[in-house]
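Asker: One structure, pasted below without further comment.
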Amino acid sequence: MKIETIVFSDLPEHDTCWSFIEGCDGKLYAGVCGEMTGGLSAYVASYDPAAKRVEYLFEIAAAIGSPPDNGQGTHSKIHKCLLQDDEGIIYAATHCTGPPLNDWIWRPWNCWNHPQKYFCGSGLAVCKPDGELLYSKIILPREGSRCMALAQDRKKIYGLSYPRNHFFVYDLATREVSDIGRIGNINPQCVFIDKDENAYTTDDYGRMVKYDADRNELLDTGIMLPHANFRNGYHNTLYDVTPSPDGESVYGATWTWGQRLFRYDFKSNRLEDFGKAYGEEDCAWEHIINSHVGGMVFAPDGKLYFAVNISTDNGCRPFLVRFDPESRERKVVGAIEADGKPGDHISRGVCGADGNLYFAEAGNTPTKLFKCDIGCGPGKKNKIRRMWG
Amino acid sequence: MLNDLKEKKWPASPLKAKNIDPEQLKQFLRIRADYEKSAFVTEGHLEVRALGAKEFTKPIPPGECGISTLLKHSNGHIYGGTCGRNAHLFFYNPAPDGDAVADIGAVAANASIVKLAELPDGRIIGAVNEGGKQSFLLSYKPCEVLLREKDFKDMGVREIFDLPAEDQLFFSTIDPCHSAGETERLGNPLPNEHIADMVTDKSGTRLFILGNSSGIIYECAPDGGHARKIGSLDANGNFSGKLVCDADGMVYGAGLYGELFRLNPENNTLSSLGIAAPSLKGRELYNKVTAWALDGSSGVFYGGTLDGIIFQFIPQENRIVCLGKPSDQGNVRGIALSGRKVYSLVGEKGACCHLTCYDTSSRELRDLGCLLARSERPWNGYEFSSMATGRDGTVFMGENDRISHLFIYFPPV
């Protein structure tokens, strides 16, 4: 495996990249966030694999009219909330946790009604592919937006608010938000959609909740995400989900210790448990960031790839793992590192038109993409674009 | 497209400052640890219970479990009513071998149980609002009431053996079980109007019902027969939707500007007391008393308002004392007394509710923080509608959200 990095070097204080999608134009789009330094705004950037060029499209705080130095909780984060429709229109919504200028920590419960440090609410910026702003709107007063999915035929965006964890529907035609209600305590990190643009996510124990778009209500699917049998399933929410090339299902990983890998067939409402994503069972727990699976993506070779943080003598670091859906065999392809420096965490993965796999990193400054040439060329690239963050 | 980012001067983290002192970093880490937890209730102990014993059953489903009212019953249980797609009646048995909620059942679709009141014989009367402007009364007989009325004639040994003697949950190692009584739908005393609140007189033969849109207080019999008008809290509908009763059966409410009224059930006269609940200056017109609780030992009432102000009403002196506004939010959702402390829930719709405390000994009014419990599951409480004090001073809080729990607060000793 050959690895190169694409560094967002014009944003030297930004430290995470949680949203990363394949655009309809062959470019890759990323939300570049700054969480650990007060007074930053997130930016939306694109990378053109053909031209090998990074472009910074827009500063989201400016787009929504809430500058990062105004003393409020900042719009420094675009979590799993960057989407693009087939016409190229970009939808990006902000999350909170970034501190105000000159502060170094911020939480919504502490600052909910603070006269200066409150967060004005998740702002949605709707832009052309070149970053030209079409409009913006605060869609979730006082709350951030944790993850979103785009139902472009229904002209809706589905998402989850933070910290109150309400499922919301944003109507792109009327520009109105509907609160469908609270789904749990912990935000899942993903809302995905099926072919009919119904949405799916999970509650705190990994129970799959379906938003039935026709009925406009949340339903219990009866499906529960797998977990180690000695845990009670708490915090076993969706973490990363990628569309299967078959168009009838998705592959996903959970967000807890001992992450499970699974396939969910939304047509038949069946879940296949592939066990722990990689390695031996984690029986201890310390900090969840040391146990991480993300960046799920199908490569042109028909195999599923994802990054797993594995403890080594030199610390916990991400490795690329290949999973064969037929044999269920999984194998480490190699460490995700460049210039002798390991990556931190891989949030999302994308397969470029060139057949290379691109992974967004969270946790290093400046933040970057890893371009991984796994040697299979463009081949039969998955034609189904991920329409969720 | 942005082409000038290279020229931009970026803020830098203080953690990256040159010459930063290790002591500064240590302090940063300590502050971070404190800060993360500081928003939440840190004194006493807080737990939640789903509305159903999770070992055996699904709780009352999302969209039906929002707790709209709570009642401490003389049998020691906490009874509650919900609102939503179906309104349910439930009880919580606080005994160590119970410690769970039992769903008694759904009583109406697209409805809200707005108030529960206990009659002297142990029956519970519920006020239920349905779709449109319809409302009705509900009767619930716990198992102990049913047992009193039971005719054992022609019953076999097995039937008698399994007959429940009380509403209970029992996690027996042999035969786990629960039992609940019977509900009955009664009449509709207020045609074309929802019920805002309801209290009973001392004898249990009369109910006083406040009309939700008219502000009129009515009386009716507990069978839900037609109600008779007593009087109005305000001619223009500026009234508070809560009533409260003292130990002698006097009923109190509030009208325009939060002015207090007393209803004397002996002669059904409704009279102004000439005093008003406190409000923020200039907001008197919008003032509402949103919660009441009676200190049975002193006869003093504690009230909370839409502005988030907590006050004392001393009926013996016909006097109101403003205790203050303990949180930066408005809307007191409930008040409950435990020992010498008065607990309140304060929080606006769509925000993060805070628990507050007034200590009648030290006269301190404090914000205790947002509600975060660890057991029986980790859960943040944001929206509440009711509070009640249990038999041993435990404070119960009814969460009113799409997914809701009974919060149980054990105040510090």
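Scheme for the structure tokens: letters A, B, ... for chains in order shown; per-chain residue numbers from 1; ligand numbers from 1 in order shown.
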Write out as a Markdown table a residue-level contact list of chain B versus chain A with cut-off 8 Å: for each qualifying residue the closest pair of atoms and the distance in Å to one decimal, counting only C-alpha atoms, rows sorted by chain and residue number upward.
Answerer:
```
| residue | atom | partner | partner_atom | distance |
| --- | --- | --- | --- | --- |
| B:Met1 | CA | A:Leu57 | CA | 4.4 |
| B:Leu2 | CA | A:Tyr56 | CA | 5.4 |
| B:Asn3 | CA | A:Tyr56 | CA | 7.5 |
| B:Leu5 | CA | A:Asp10 | CA | 5.8 |
| B:Lys6 | CA | A:Asp10 | CA | 5.4 |
| B:Trp10 | CA | A:Glu13 | CA | 7.1 |
| B:Pro11 | CA | A:Gly39 | CA | 6.5 |
| B:Ala12 | CA | A:Thr37 | CA | 6.2 |
| B:Ser13 | CA | A:Thr37 | CA | 4.7 |
| B:Pro14 | CA | A:Trp104 | CA | 7.4 |
| B:Arg32 | CA | A:Ile105 | CA | 7.2 |
| B:Glu36 | CA | A:Arg107 | CA | 7.3 |
| B:Ser38 | CA | A:Asn110 | CA | 7.6 |
| B:Ala39 | CA | A:Asn110 | CA | 5.3 |
| B:Asp328 | CA | A:Asn113 | CA | 6.7 |
| B:Gln329 | CA | A:Asn113 | CA | 7.4 |
| B:Ala351 | CA | A:Trp112 | CA | 7.7 |
| B:Cys352 | CA | A:Trp109 | CA | 7.1 |
| B:Cys370 | CA | A:Trp109 | CA | 7.4 |
| B:Pro378 | CA | A:Asn185 | CA | 7.6 |
| B:Trp379 | CA | A:Asn185 | CA | 5.8 |
| B:Asn380 | CA | A:Asn185 | CA | 6.5 |
| B:Tyr382 | CA | A:Arg164 | CA | 7.4 |
| B:Asp401 | CA | A:Arg182 | CA | 7.0 |
| B:Arg402 | CA | A:Arg182 | CA | 5.5 |
| B:Ile403 | CA | A:Arg182 | CA | 6.4 |
```
Asker: Name the residues in contact with Asp25 in chain A at a cut-off of 12 Å, using only C-alpha atoms, excluding same-chain residues fewer than 5 positions from it; report them as a short mmCIF file (atom, residue, chain, number, x, y, z; two decimals) with C-alpha atoms, in the first residue's frame.
Answerer:
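The resulting selection.cif:
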```cif
data_model
loop_
_atom_site.label_atom_id
_atom_site.label_comp_id
_atom_site.auth_asym_id
_atom_site.auth_seq_id
_atom_site.Cartn_x
_atom_site.Cartn_y
_atom_site.Cartn_z
CA SER A 46 -12.60 20.13 -1.61
CA TYR A 47 -9.91 17.94 -3.07
CA ASP A 48 -9.75 17.15 -6.73
CA PRO A 49 -7.91 13.84 -7.15
CA ALA A 50 -7.39 14.42 -10.86
CA GLN A 84 -24.02 17.02 -1.54
CA ASP A 85 -26.92 16.34 -3.88
CA ASP A 86 -26.66 15.17 -7.48
CA GLU A 87 -26.82 18.76 -8.71
CA GLY A 88 -23.71 19.60 -6.74
CA ILE A 89 -25.40 21.67 -4.05
CA ILE A 90 -23.54 21.38 -0.75
CA PRO A 129 -19.91 23.51 -5.43
CA ASP A 130 -17.56 26.48 -5.72
CA GLY A 352 -11.95 8.21 -5.42
CA ALA A 353 -12.64 7.93 -9.13
CA ARG A 385 -22.73 7.43 -3.35
#
```
Asker: At a cut-off of 8 Å, using only C-alpha atoms, what residues contact Ser240 in chain B? Leave out same-chain residues fewer than 2 positions from it and give the result as a list in words.
Answerer: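 Final neighbour list, sorted by chain and number: Gly215, Asn238, Lys242, Gly253, Ala254, Gly255, Gly258, Lys288, Val289 and Thr290 of chain B.
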Asker: My list of candidates is A:Ala284, A:Ala213, A:Cys127, A:Val308. Which is closest to Gln259 in chain A when distances are computed with only C-alpha atoms?
Answerer: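 Among the listed residues, the smallest separation from Gln259 in chain A belongs to A:Val308.
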Asker: Skipping near chain neighbours, those fewer than 2 positions away, what residues fall within 9 Å of Leu147 in chain B using only C-alpha atoms, listed as an MDAnalysis selection string?
Answerer: chainID B and resid 142:145 149:151 163:166
Asker: Near Asn229 in chain A, counting only C-alpha atoms, which residues have an atom at most 12 Å away, once you skip same-chain residues fewer than 5 positions from it, shown as a count of residues only?
Answerer: 9
Asker: So that I can see what lies close to Phe359 in chain A, please list as JSON, numbers by chain the residues with an atom at most 7 Å from it, counting only C-alpha atoms and leaving out residues fewer than 5 positions away in the same chain.
Answerer: {"A": [295, 346, 348, 349, 350, 369, 370, 371]}
